[in-house]
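File shown here: coords36.cif, holding mmCIF, C-alpha atoms.
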data_start
#
loop_
_atom_site.label_atom_id
_atom_site.label_comp_id
_atom_site.auth_asym_id
_atom_site.auth_seq_id
_atom_site.Cartn_x
_atom_site.Cartn_y
_atom_site.Cartn_z
CA MET V 7 0.00 0.00 0.00
CA SER V 8 1.40 3.41 -0.85
CA PRO V 9 1.85 5.92 1.97
CA ALA V 10 -0.21 8.36 -0.14
CA ALA V 11 -3.31 6.23 0.41
CA PRO V 12 -4.11 6.66 4.11
CA HIS V 13 -7.76 5.75 3.68
CA HIS V 14 -8.81 3.00 6.02
CA ALA V 15 -12.30 1.70 6.47
CA VAL V 16 -13.39 1.92 10.12
CA LEU V 17 -13.74 -1.59 11.49
CA LEU V 18 -16.61 -2.55 13.74
CA ALA V 19 -15.32 -2.09 17.26
CA PRO V 20 -15.19 -4.48 20.21
CA GLY V 21 -18.55 -4.66 21.98
CA THR V 22 -20.51 -4.55 18.70
CA PRO V 23 -22.76 -7.54 17.94
CA ALA V 24 -21.24 -9.25 14.89
CA PRO V 25 -23.55 -8.87 11.88
CA ASP V 26 -24.81 -12.26 10.78
CA PHE V 27 -24.15 -13.43 7.23
CA THR V 28 -24.57 -16.44 5.00
CA LEU V 29 -21.88 -17.03 2.38
CA HIS V 30 -20.84 -19.85 0.12
CA ALA V 31 -17.98 -21.98 1.45
CA THR V 32 -18.11 -24.34 -1.53
CA PRO V 33 -20.14 -24.22 -4.76
CA ASP V 34 -23.00 -26.09 -3.08
CA GLN V 35 -22.57 -25.32 0.60
CA THR V 36 -23.20 -22.15 2.58
CA LEU V 37 -22.14 -21.20 6.10
CA SER V 38 -23.82 -18.72 8.42
CA LEU V 39 -22.11 -16.99 11.30
CA GLU V 40 -25.08 -17.91 13.47
CA GLU V 41 -24.23 -21.61 13.14
CA PHE V 42 -21.15 -20.97 15.24
CA ARG V 43 -23.00 -19.49 18.23
CA GLY V 44 -21.66 -21.09 21.41
CA ARG V 45 -18.13 -21.10 20.05
CA ALA V 46 -15.63 -18.35 19.44
CA VAL V 47 -15.04 -17.39 15.81
CA ILE V 48 -12.06 -15.75 14.16
CA LEU V 49 -13.02 -13.86 11.01
CA ALA V 50 -10.04 -13.18 8.79
CA PHE V 51 -10.84 -10.86 5.90
CA TYR V 52 -8.04 -10.81 3.35
CA PRO V 53 -7.52 -9.15 -0.04
CA ALA V 54 -7.19 -12.12 -2.36
CA ASP V 55 -6.34 -15.78 -2.85
CA TRP V 56 -2.98 -16.38 -4.55
CA SER V 57 -1.46 -13.07 -3.47
CA ALA V 58 1.75 -14.24 -1.80
CA VAL V 59 4.11 -17.16 -1.26
CA CYS V 60 5.99 -18.27 1.86
CA GLY V 61 4.81 -15.44 4.09
CA ASP V 62 1.22 -16.13 3.21
CA GLN V 63 -1.21 -15.27 5.99
CA MET V 64 -3.69 -18.06 5.28
CA ALA V 65 -0.88 -20.66 5.15
CA LEU V 66 0.30 -19.45 8.56
CA TYR V 67 -3.21 -19.65 10.05
CA ASN V 68 -3.65 -23.07 8.50
CA GLN V 69 -0.61 -24.18 10.46
CA ILE V 70 -1.81 -22.59 13.70
CA LEU V 71 -5.34 -23.99 13.34
CA PRO V 72 -4.86 -26.65 16.07
CA GLU V 73 -3.91 -23.89 18.54
CA PHE V 74 -6.98 -21.85 17.62
CA ARG V 75 -9.18 -24.91 18.11
CA LYS V 76 -7.50 -25.68 21.43
CA LEU V 77 -8.71 -22.24 22.49
CA GLY V 78 -12.24 -23.16 21.39
CA ALA V 79 -12.29 -21.06 18.24
CA GLU V 80 -13.23 -21.70 14.63
CA LEU V 81 -11.47 -19.80 11.87
CA LEU V 82 -13.23 -18.44 8.77
CA GLY V 83 -11.36 -16.75 5.93
CA ILE V 84 -13.29 -14.26 3.81
CA SER V 85 -12.38 -12.57 0.53
CA VAL V 86 -14.23 -11.39 -2.56
CA ASP V 87 -12.86 -14.31 -4.57
CA GLY V 88 -15.48 -16.68 -5.97
CA VAL V 89 -16.10 -20.23 -4.79
CA TRP V 90 -14.17 -21.88 -7.62
CA CYS V 91 -11.16 -19.70 -6.97
CA HIS V 92 -11.35 -20.52 -3.24
CA ALA V 93 -11.67 -24.22 -4.05
CA ALA V 94 -8.55 -24.20 -6.23
CA TYR V 95 -6.61 -22.14 -3.69
CA ALA V 96 -7.66 -24.32 -0.75
CA ALA V 97 -6.69 -27.46 -2.64
CA GLU V 98 -3.31 -26.08 -3.69
CA LYS V 99 -2.43 -24.76 -0.22
CA HIS V 100 -4.08 -27.60 1.74
CA ILE V 101 -6.23 -25.11 3.62
CA HIS V 102 -8.15 -26.87 6.40
CA PHE V 103 -10.66 -24.15 7.30
CA PRO V 104 -13.54 -22.60 5.33
CA LEU V 105 -12.81 -19.83 2.85
CA LEU V 106 -15.99 -17.85 2.31
CA ALA V 107 -16.83 -16.06 -0.93
CA ASP V 108 -18.04 -12.49 -0.33
CA PHE V 109 -18.71 -12.44 -4.03
CA GLU V 110 -22.30 -11.46 -4.76
CA PRO V 111 -23.16 -8.75 -4.00
CA LYS V 112 -19.43 -8.17 -4.01
CA GLY V 113 -17.94 -7.32 -0.63
CA ALA V 114 -21.33 -6.94 1.06
CA VAL V 115 -20.24 -8.68 4.27
CA ALA V 116 -16.89 -6.90 4.35
CA ARG V 117 -18.76 -3.57 4.05
CA GLN V 118 -20.92 -4.47 7.05
CA TYR V 119 -17.80 -5.06 9.10
CA GLY V 120 -16.06 -1.91 7.83
CA ALA V 121 -13.49 -4.11 6.15
CA TYR V 122 -13.97 -3.25 2.48
CA ARG V 123 -11.58 -1.15 0.43
CA GLU V 124 -13.84 0.79 -1.92
CA GLN V 125 -10.90 2.21 -3.84
CA ASP V 126 -9.50 -1.26 -4.58
CA GLY V 127 -12.59 -3.43 -4.69
CA TYR V 128 -11.34 -6.00 -2.22
CA CYS V 129 -11.28 -6.66 1.54
CA GLU V 130 -8.95 -5.12 4.05
CA ARG V 131 -6.55 -7.44 5.84
CA ALA V 132 -8.82 -7.30 8.89
CA LEU V 133 -9.22 -9.63 11.84
CA PHE V 134 -12.17 -10.05 14.20
CA VAL V 135 -12.50 -12.27 17.24
CA ILE V 136 -16.16 -12.95 18.04
CA ASP V 137 -17.21 -14.53 21.32
CA ALA V 138 -19.64 -17.40 21.93
CA GLU V 139 -22.54 -14.92 22.21
CA GLY V 140 -21.78 -13.41 18.82
CA VAL V 141 -20.23 -10.18 20.09
CA ILE V 142 -17.05 -8.76 18.56
CA ARG V 143 -14.39 -8.78 21.26
CA TRP V 144 -11.29 -7.75 19.29
CA SER V 145 -10.59 -6.34 15.86
CA TYR V 146 -7.47 -5.32 14.00
CA CYS V 147 -6.77 -3.89 10.57
CA SER V 148 -3.34 -4.50 9.13
CA PRO V 149 -1.81 -2.60 6.21
CA VAL V 150 -2.83 -4.56 3.11
CA GLY V 151 0.75 -5.62 2.34
CA VAL V 152 1.55 -6.75 5.88
CA ASN V 153 0.74 -10.20 7.21
CA PRO V 154 -0.52 -9.46 10.75
CA GLY V 155 0.63 -12.81 12.16
CA ALA V 156 -1.40 -14.56 14.83
CA ASP V 157 -0.18 -13.25 18.18
CA GLY V 158 -3.03 -10.74 18.48
CA ILE V 159 -5.64 -13.41 17.75
CA LEU V 160 -4.18 -15.78 20.35
CA GLU V 161 -4.11 -13.06 23.00
CA ALA V 162 -7.71 -12.12 22.24
CA LEU V 163 -8.85 -15.75 22.46
CA GLU V 164 -7.08 -16.19 25.78
CA GLY V 165 -8.80 -13.02 26.97
CA LEU V 166 -12.15 -14.63 26.16
CA GLN V 167 -11.25 -17.71 28.16
CA THR V 168 -10.24 -15.76 31.27
CA THR V 169 -13.45 -13.70 31.16
CA GLY V 170 -15.50 -16.83 30.55
CA ALA V 171 -17.03 -15.35 27.41
CA GLY V 172 -15.32 -17.70 25.00
CA ALA V 173 -16.41 -21.17 24.07
CA ALA V 174 -19.26 -22.42 26.23
CA SER V 175 -17.83 -25.21 28.30
CA MET A 1 1.40 -7.24 14.66
CA SER A 2 2.06 -6.41 18.33
CA ALA A 3 5.11 -4.35 19.20
CA GLY A 4 7.36 -6.70 17.23
CA ARG A 5 9.18 -7.96 20.28
CA LEU A 6 10.69 -11.33 20.95
CA SER A 7 8.36 -12.90 23.50
CA VAL A 8 10.50 -15.91 24.38
CA PRO A 9 13.86 -14.89 25.87
CA ILE A 10 17.05 -16.70 24.87
CA GLY A 11 17.45 -19.73 27.10
CA GLU A 12 19.36 -22.92 27.71
CA ARG A 13 17.45 -24.75 25.04
CA ASP A 14 18.39 -22.35 22.28
CA HIS A 15 20.99 -22.99 19.63
CA ALA A 16 23.29 -20.03 20.13
CA ALA A 17 26.64 -19.28 18.54
CA GLY A 18 28.79 -16.51 19.96
CA PRO A 19 29.32 -15.11 23.45
CA ALA A 20 26.29 -14.88 25.76
CA ASP A 21 27.35 -11.35 26.70
CA ALA A 22 27.79 -10.16 23.12
CA PRO A 23 26.35 -6.64 22.67
CA VAL A 24 24.15 -7.88 19.82
CA THR A 25 21.97 -10.97 19.73
CA LEU A 26 20.48 -11.84 16.36
CA VAL A 27 17.62 -14.35 16.42
CA GLU A 28 16.43 -15.96 13.22
CA TYR A 29 13.15 -17.84 12.88
CA GLY A 30 13.75 -20.05 9.87
CA ASP A 31 12.46 -22.97 7.84
CA TYR A 32 14.87 -25.41 6.19
CA GLU A 33 12.80 -25.70 3.03
CA CYS A 34 12.17 -21.97 2.62
CA PRO A 35 14.12 -20.59 -0.35
CA HIS A 36 14.37 -17.14 1.26
CA CYS A 37 15.97 -18.72 4.34
CA ALA A 38 18.46 -20.53 2.11
CA ARG A 39 19.26 -17.16 0.59
CA ALA A 40 19.68 -15.62 4.04
CA HIS A 41 21.99 -18.40 5.24
CA PRO A 42 25.23 -17.24 3.52
CA VAL A 43 24.34 -13.63 4.31
CA VAL A 44 24.09 -14.47 8.01
CA ALA A 45 27.39 -16.37 7.75
CA ARG A 46 29.12 -13.26 6.36
CA VAL A 47 27.52 -11.05 8.99
CA ARG A 48 28.67 -13.40 11.76
CA GLU A 49 32.19 -13.36 10.37
CA SER A 50 32.13 -9.60 10.07
CA LEU A 51 30.88 -8.93 13.62
CA GLY A 52 32.93 -11.66 15.28
CA SER A 53 32.59 -11.82 19.04
CA THR A 54 30.27 -8.81 19.18
CA LEU A 55 27.47 -11.02 17.83
CA ARG A 56 25.54 -13.91 19.26
CA PHE A 57 23.40 -15.73 16.69
CA VAL A 58 20.40 -17.83 17.68
CA PHE A 59 18.41 -20.02 15.29
CA ARG A 60 14.84 -21.12 16.04
CA HIS A 61 12.64 -23.37 13.96
CA PHE A 62 9.59 -22.03 12.15
CA PRO A 63 8.66 -24.80 9.72
CA LEU A 64 5.61 -23.95 7.62
CA THR A 65 4.89 -27.57 6.90
CA GLU A 66 1.70 -27.00 4.92
CA VAL A 67 3.72 -25.25 2.23
CA HIS A 68 7.06 -26.91 2.95
CA PRO A 69 6.35 -30.59 3.57
CA HIS A 70 10.00 -31.48 4.25
CA ALA A 71 10.71 -28.64 6.66
CA GLU A 72 9.68 -30.41 9.84
CA HIS A 73 11.77 -33.54 9.33
CA ALA A 74 14.69 -31.33 8.39
CA ALA A 75 14.26 -29.42 11.66
CA GLU A 76 14.05 -32.70 13.57
CA ALA A 77 17.22 -33.89 11.83
CA ALA A 78 18.99 -30.73 12.99
CA GLU A 79 17.69 -31.39 16.53
CA SER A 80 18.95 -34.96 16.35
CA ALA A 81 22.38 -33.60 15.48
CA ALA A 82 22.01 -31.04 18.28
CA ALA A 83 21.48 -33.85 20.79
CA ARG A 84 25.03 -34.90 19.83
CA GLY A 85 26.44 -31.39 19.98
CA ARG A 86 26.47 -31.03 16.19
CA PHE A 87 23.57 -28.67 15.52
CA TRP A 88 25.41 -26.01 13.55
CA GLU A 89 27.11 -28.47 11.23
CA MET A 90 23.80 -30.09 10.35
CA HIS A 91 22.11 -26.68 10.08
CA ASP A 92 24.74 -25.50 7.61
CA SER A 93 24.62 -28.73 5.67
CA ILE A 94 20.83 -28.69 5.27
CA TYR A 95 20.82 -25.15 3.91
CA ALA A 96 23.77 -25.88 1.64
CA HIS A 97 21.89 -28.88 0.22
CA GLN A 98 18.37 -27.46 0.20
CA ARG A 99 18.10 -27.66 -3.56
CA ASP A 100 19.57 -31.16 -3.71
CA GLY A 101 16.64 -32.56 -1.77
CA LEU A 102 15.30 -32.80 1.76
CA GLU A 103 13.71 -36.24 1.71
CA ASP A 104 14.53 -38.42 4.71
CA ASP A 105 17.13 -40.28 2.61
CA ASP A 106 18.78 -36.98 1.74
CA LEU A 107 18.84 -35.89 5.38
CA ALA A 108 20.38 -39.25 6.29
CA GLU A 109 23.06 -38.72 3.67
CA TYR A 110 23.91 -35.25 4.99
CA ALA A 111 24.08 -36.59 8.54
CA ALA A 112 26.30 -39.50 7.50
CA ALA A 113 28.64 -37.11 5.69
CA LEU A 114 29.14 -35.36 9.04
CA GLY A 115 29.96 -38.67 10.68
CA LEU A 116 26.60 -38.88 12.46
CA ASP A 117 24.68 -42.13 12.76
CA ALA A 118 22.03 -41.72 10.05
CA GLY A 119 20.07 -44.75 11.24
CA GLU A 120 19.71 -43.30 14.74
CA MET A 121 18.68 -39.97 13.27
CA LEU A 122 15.97 -41.53 11.11
CA ALA A 123 14.71 -43.56 14.06
CA GLU A 124 14.43 -40.40 16.15
CA ILE A 125 12.49 -38.70 13.36
CA GLU A 126 10.24 -41.73 13.07
CA ASP A 127 9.65 -41.69 16.85
CA GLU A 128 9.03 -37.92 16.77
CA ALA A 129 11.69 -37.61 19.46
CA HIS A 130 12.33 -33.95 18.71
CA ILE A 131 8.95 -32.80 17.47
CA GLU A 132 7.89 -31.08 20.71
CA ARG A 133 11.04 -29.02 20.67
CA VAL A 134 10.40 -27.92 17.07
CA LYS A 135 6.75 -27.10 17.82
CA ALA A 136 7.76 -25.10 20.89
CA ASP A 137 10.07 -22.97 18.75
CA PHE A 138 7.26 -22.48 16.23
CA MET A 139 4.66 -21.40 18.80
CA GLY A 140 7.16 -19.10 20.49
CA GLY A 141 7.64 -17.50 17.09
CA VAL A 142 3.91 -17.12 16.59
CA ARG A 143 3.72 -15.38 19.99
CA SER A 144 6.39 -12.97 18.86
CA GLY A 145 4.40 -12.10 15.75
CA VAL A 146 6.51 -14.13 13.33
CA ASN A 147 4.44 -14.26 10.15
CA GLY A 148 6.82 -15.81 7.65
CA THR A 149 10.41 -16.83 7.19
CA PRO A 150 13.02 -15.71 7.70
CA THR A 151 12.08 -13.33 10.52
CA PHE A 152 14.92 -11.71 12.43
CA PHE A 153 15.02 -10.10 15.87
CA VAL A 154 17.92 -7.86 16.86
CA ASN A 155 18.33 -7.53 20.63
CA GLY A 156 14.74 -8.63 21.03
CA VAL A 157 13.24 -6.21 18.53
CA ARG A 158 11.90 -7.35 15.20
CA PHE A 159 14.19 -6.38 12.32
CA ASP A 160 12.25 -5.25 9.27
CA GLY A 161 15.26 -3.80 7.43
CA ASP A 162 17.14 -5.27 4.49
CA TRP A 163 18.84 -8.58 5.29
CA THR A 164 19.61 -9.50 1.71
CA ASP A 165 22.80 -7.44 1.63
CA ALA A 166 25.44 -8.60 4.11
CA GLY A 167 27.10 -5.17 4.29
CA ALA A 168 23.87 -3.35 5.08
CA PHE A 169 22.75 -6.04 7.52
CA ALA A 170 26.10 -5.96 9.35
CA ALA A 171 25.92 -2.17 9.52
CA ALA A 172 22.45 -2.33 11.09
CA LEU A 173 23.74 -4.82 13.65
CA ARG A 174 26.76 -2.62 14.43
CA ASP A 175 24.35 0.25 15.08
CA ALA A 176 22.48 -2.01 17.49
CA ALA A 177 25.80 -2.90 19.17
CA ALA A 178 26.66 0.79 19.55
CA GLY A 179 23.18 1.43 20.96
CA ALA A 180 23.62 -1.40 23.46
CA GLY A 181 26.99 0.04 24.48
CA ARG A 182 25.45 3.41 25.28
CA ARG A 183 22.85 2.01 27.62
#

In structure tokens, how does this file's structure come out?
Amino acid sequence: MSPAAPHHAVLLAPGTPAPDFTLHATPDQTLSLEEFRGRAVILAFYPADWSAVCGDQMALYNQILPEFRKLGAELLGISVDGVWCHAAYAAEKHIHFPLLADFEPKGAVARQYGAYREQDGYCERALFVIDAEGVIRWSYCSPVGVNPGADGILEALEGLQTTGAGAAS
Amino acid sequence: MSAGRLSVPIGERDHAAGPADAPVTLVEYGDYECPHCARAHPVVARVRESLGSTLRFVFRHFPLTEVHPHAEHAAEAAESAAARGRFWEMHDSIYAHQRDGLEDDDLAEYAAALGLDAGEMLAEIEDEAHIERVKADFMGGVRSGVNGTPTFFVNGVRFDGDWTDAGAFAAALRDAAAGAGRR
């Protein structure tokens, strides 16, 4: 991202109920946020499939998935790529979590979360941790070119556990 | 994403080369199958030579096995060598041979060339004798915000400068040494 483009969408803040959505995870299967009530959810909006190599954010999260699940959380990736693109990407990178297609109307879910880049037509690199009651507890927007890593997500999930608002036990 | 600080301090378990009281400690999180790490390896070697005893170098494993399917066994092979006091030789050998292959047979060959018992090494890999150690390095890296490889930390602070040029990298580390001296 060039320094001359300071525009950032304003992400939904902690304390906000997470807007529900239903998106395609595969060509013939949809997922709704509501289905995950009772568990914590990590929403990872990202600009595009196929955009990087070794430092790839989704590949990193794929690897950390067991740790996320240990903390009672499910991970959902979201971009404006279509289902067939997601399917090819997931197969190539051995992605073990759902990649949702915010494809039609394009970016509608990302807009609801304040995670859409109007000027570019794709999602911000934005992270949300949603608790078991469906309330956003943490959000973070990274510069588009910077992989935000996973330390912030892990800290947020641990925060849920200590306050008892994470996965229902 | 956080402050870019090393969250796991250097400890007994670490593979460290150079004096413990060196003014600069360089930590690398690396993956043996990552081409960028292979590129960084000779650069780090030149930097270590250039800084001499003012530098302590620490290597920690960050195998991204979903994209680099041989990286974890390679890391375990290095740990097997480490259990015999030969970590750095195996580490150097794996990077030197990255493009020749990192299948278990290849790792065995590199170990044997160093005079290590390849059969023992393969048995340890098979038994996952060193896997916890490798995973601990990985999760420590995640906690420090490591998001890809190689990621460097200089005196505990993430280094986002240019590591591809040994001269520039060494200069940045000398600055860190001077900064440490002033404190």

Atom pair CA of Val8 (chain A) / CA of Val134 (chain A): separation (Å) | 14.1 Å

Residues around (19.4, -32.3, 3.8), cut-off 6 Å, counting all atoms listed in the file - what are they as a PyMOL selection string?
-> chain A and resi 94+97+102+106-107+110

For the file shown, what are the residues hit by the PyMOL selection byres ((chain V) within 8 of (chain A)), laid out as a list in words?
->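 So the PyMOL selection byres ((chain V) within 8 of (chain A)) ends up selecting Cys60, Gly61, Asp62, Gln63, Ala65, Leu66, Asn68, Gln69, Lys99, His100, Ser148, Asn153, Pro154, Gly155, Ala156, Asp157, Gly158 and Leu160 of chain V.
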
Name all residues at most 12 Å from Asp105 (chain A) (count all atoms listed in the file; drop same-chain ones fewer than 4 positions away) and give them as a VMD selection string.
-> chain A and resid 70 73 to 74 77 100 to 101 109 to 112 118 to 119 121 to 122 125

Applied to this file, what does the PyMOL selection byres ((chain A and resi 50) around 12) return in terms of residues, put as a list of chain:residue names?
->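 In the shown coordinates, the PyMOL selection byres ((chain A and resi 50) around 12) covers A:Val43, A:Val44, A:Ala45, A:Arg46, A:Val47, A:Arg48, A:Glu49, A:Leu51, A:Gly52, A:Ser53, A:Thr54, A:Leu55, A:Ala166, A:Gly167, A:Ala168, A:Phe169, A:Ala170, A:Ala171, A:Leu173, A:Arg174.
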
Enumerate, as a PyMOL selection string, the residues matched when the PyMOL selection byres ((chain V and resi 50) around 7) is run on the file above.
-> chain V and resi 48-49+51-52+82-84+132-134

10 Å contact set for Ala116 (chain V), all atoms listed in the file, chain neighbours under 3 positions out, as an MDAnalysis selection string | chainID V and resid 15 17 51:52 84:86 108 112:113 119:123 128:130 132

Would you work out the distance separating CA of Pro19 (chain A) from CA of Arg56 (chain A), expressed in Å to one decimal?
-> 5.8 Å

Suppose you want the space between CA of Glu126 (chain A) and CA of Tyr32 (chain A); what is it in Å?
-> 18.3 Å

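In this comparison, which uses all atoms listed in the file, the residue of V:Leu166, V:Ile142, V:Leu29, V:Ala46 approaching Glu110 (chain V) most closely is V:Leu29.
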
Using only C-alpha atoms, pick whichever of V:Ile101, V:Ala138, V:Cys147, V:Ala24 has the shortest atom-to-atom distance to Ile70 (chain V).
->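 Using only C-alpha atoms, Ile70 (chain V) sits closest to V:Ile101.
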
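Among the candidates V:Phe27, V:Pro53, V:Val47, V:Leu18, the one nearest to Glu124 (chain V) when counting only C-alpha atoms is V:Pro53.
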
Return the single residue from V:Val16, V:His92, V:Arg45, V:Asp34 that is closest to Lys76 (chain V), with distances computed using all atoms listed in the file.
-> V:Arg45

Residue nearest Ala75 (chain A) - candidates A:His91, A:Arg99, A:Arg39, A:Arg158, atoms counted: only C-alpha atoms = A:His91

With a distance cut-off of 6 Å and all atoms listed in the file, select the neighbouring residues of Phe59 (chain A), excluding the residue or stretch itself and same-chain residues fewer than 3 positions from it, and output the selection as a PyMOL selection string.
-> chain A and resi 15+27-28

If I put a ball of radius 12 Å at (16.7, -17.9, 24.6) in the file's coordinates, which residues poke into it when counting all atoms listed in the file, written as a ChimeraX atom specification?
-> /A:6-17,20,25-28,56-60,137,140-141,153,155-156

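Distances from V:Pro23, V:Pro111, V:Gly165, V:Gly140 to Glu40 (chain V) were compared using only C-alpha atoms, and the smallest one belongs to V:Gly140.
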
Surrounding residues of Trp90 (chain V) excluding itself and chain neighbours under 2 positions, 10 Å, all atoms listed in the file, as a list of chain:residue names | V:Ala31, V:Thr32, V:Pro33, V:Asp87, V:Gly88, V:His92, V:Ala93, V:Ala94, V:Tyr95, V:Ala96, V:Ala107

With C-alpha atoms retained, output region 84-152 of chain V as a compact mmCIF listing (two decimals), in the first residue's frame.
# COMPACT_ATOMS: atom_id res chain seq x y z
CA ILE V 84 -13.29 -14.26 3.81
CA SER V 85 -12.38 -12.57 0.53
CA VAL V 86 -14.23 -11.39 -2.56
CA ASP V 87 -12.86 -14.31 -4.57
CA GLY V 88 -15.48 -16.68 -5.97
CA VAL V 89 -16.10 -20.23 -4.79
CA TRP V 90 -14.17 -21.88 -7.62
CA CYS V 91 -11.16 -19.70 -6.97
CA HIS V 92 -11.35 -20.52 -3.24
CA ALA V 93 -11.67 -24.22 -4.05
CA ALA V 94 -8.55 -24.20 -6.23
CA TYR V 95 -6.61 -22.14 -3.69
CA ALA V 96 -7.66 -24.32 -0.75
CA ALA V 97 -6.69 -27.46 -2.64
CA GLU V 98 -3.31 -26.08 -3.69
CA LYS V 99 -2.43 -24.76 -0.22
CA HIS V 100 -4.08 -27.60 1.74
CA ILE V 101 -6.23 -25.11 3.62
CA HIS V 102 -8.15 -26.87 6.40
CA PHE V 103 -10.66 -24.15 7.30
CA PRO V 104 -13.54 -22.60 5.33
CA LEU V 105 -12.81 -19.83 2.85
CA LEU V 106 -15.99 -17.85 2.31
CA ALA V 107 -16.83 -16.06 -0.93
CA ASP V 108 -18.04 -12.49 -0.33
CA PHE V 109 -18.71 -12.44 -4.03
CA GLU V 110 -22.30 -11.46 -4.76
CA PRO V 111 -23.16 -8.75 -4.00
CA LYS V 112 -19.43 -8.17 -4.01
CA GLY V 113 -17.94 -7.32 -0.63
CA ALA V 114 -21.33 -6.94 1.06
CA VAL V 115 -20.24 -8.68 4.27
CA ALA V 116 -16.89 -6.90 4.35
CA ARG V 117 -18.76 -3.57 4.05
CA GLN V 118 -20.92 -4.47 7.05
CA TYR V 119 -17.80 -5.06 9.10
CA GLY V 120 -16.06 -1.91 7.83
CA ALA V 121 -13.49 -4.11 6.15
CA TYR V 122 -13.97 -3.25 2.48
CA ARG V 123 -11.58 -1.15 0.43
CA GLU V 124 -13.84 0.79 -1.92
CA GLN V 125 -10.90 2.21 -3.84
CA ASP V 126 -9.50 -1.26 -4.58
CA GLY V 127 -12.59 -3.43 -4.69
CA TYR V 128 -11.34 -6.00 -2.22
CA CYS V 129 -11.28 -6.66 1.54
CA GLU V 130 -8.95 -5.12 4.05
CA ARG V 131 -6.55 -7.44 5.84
CA ALA V 132 -8.82 -7.30 8.89
CA LEU V 133 -9.22 -9.63 11.84
CA PHE V 134 -12.17 -10.05 14.20
CA VAL V 135 -12.50 -12.27 17.24
CA ILE V 136 -16.16 -12.95 18.04
CA ASP V 137 -17.21 -14.53 21.32
CA ALA V 138 -19.64 -17.40 21.93
CA GLU V 139 -22.54 -14.92 22.21
CA GLY V 140 -21.78 -13.41 18.82
CA VAL V 141 -20.23 -10.18 20.09
CA ILE V 142 -17.05 -8.76 18.56
CA ARG V 143 -14.39 -8.78 21.26
CA TRP V 144 -11.29 -7.75 19.29
CA SER V 145 -10.59 -6.34 15.86
CA TYR V 146 -7.47 -5.32 14.00
CA CYS V 147 -6.77 -3.89 10.57
CA SER V 148 -3.34 -4.50 9.13
CA PRO V 149 -1.81 -2.60 6.21
CA VAL V 150 -2.83 -4.56 3.11
CA GLY V 151 0.75 -5.62 2.34
CA VAL V 152 1.55 -6.75 5.88
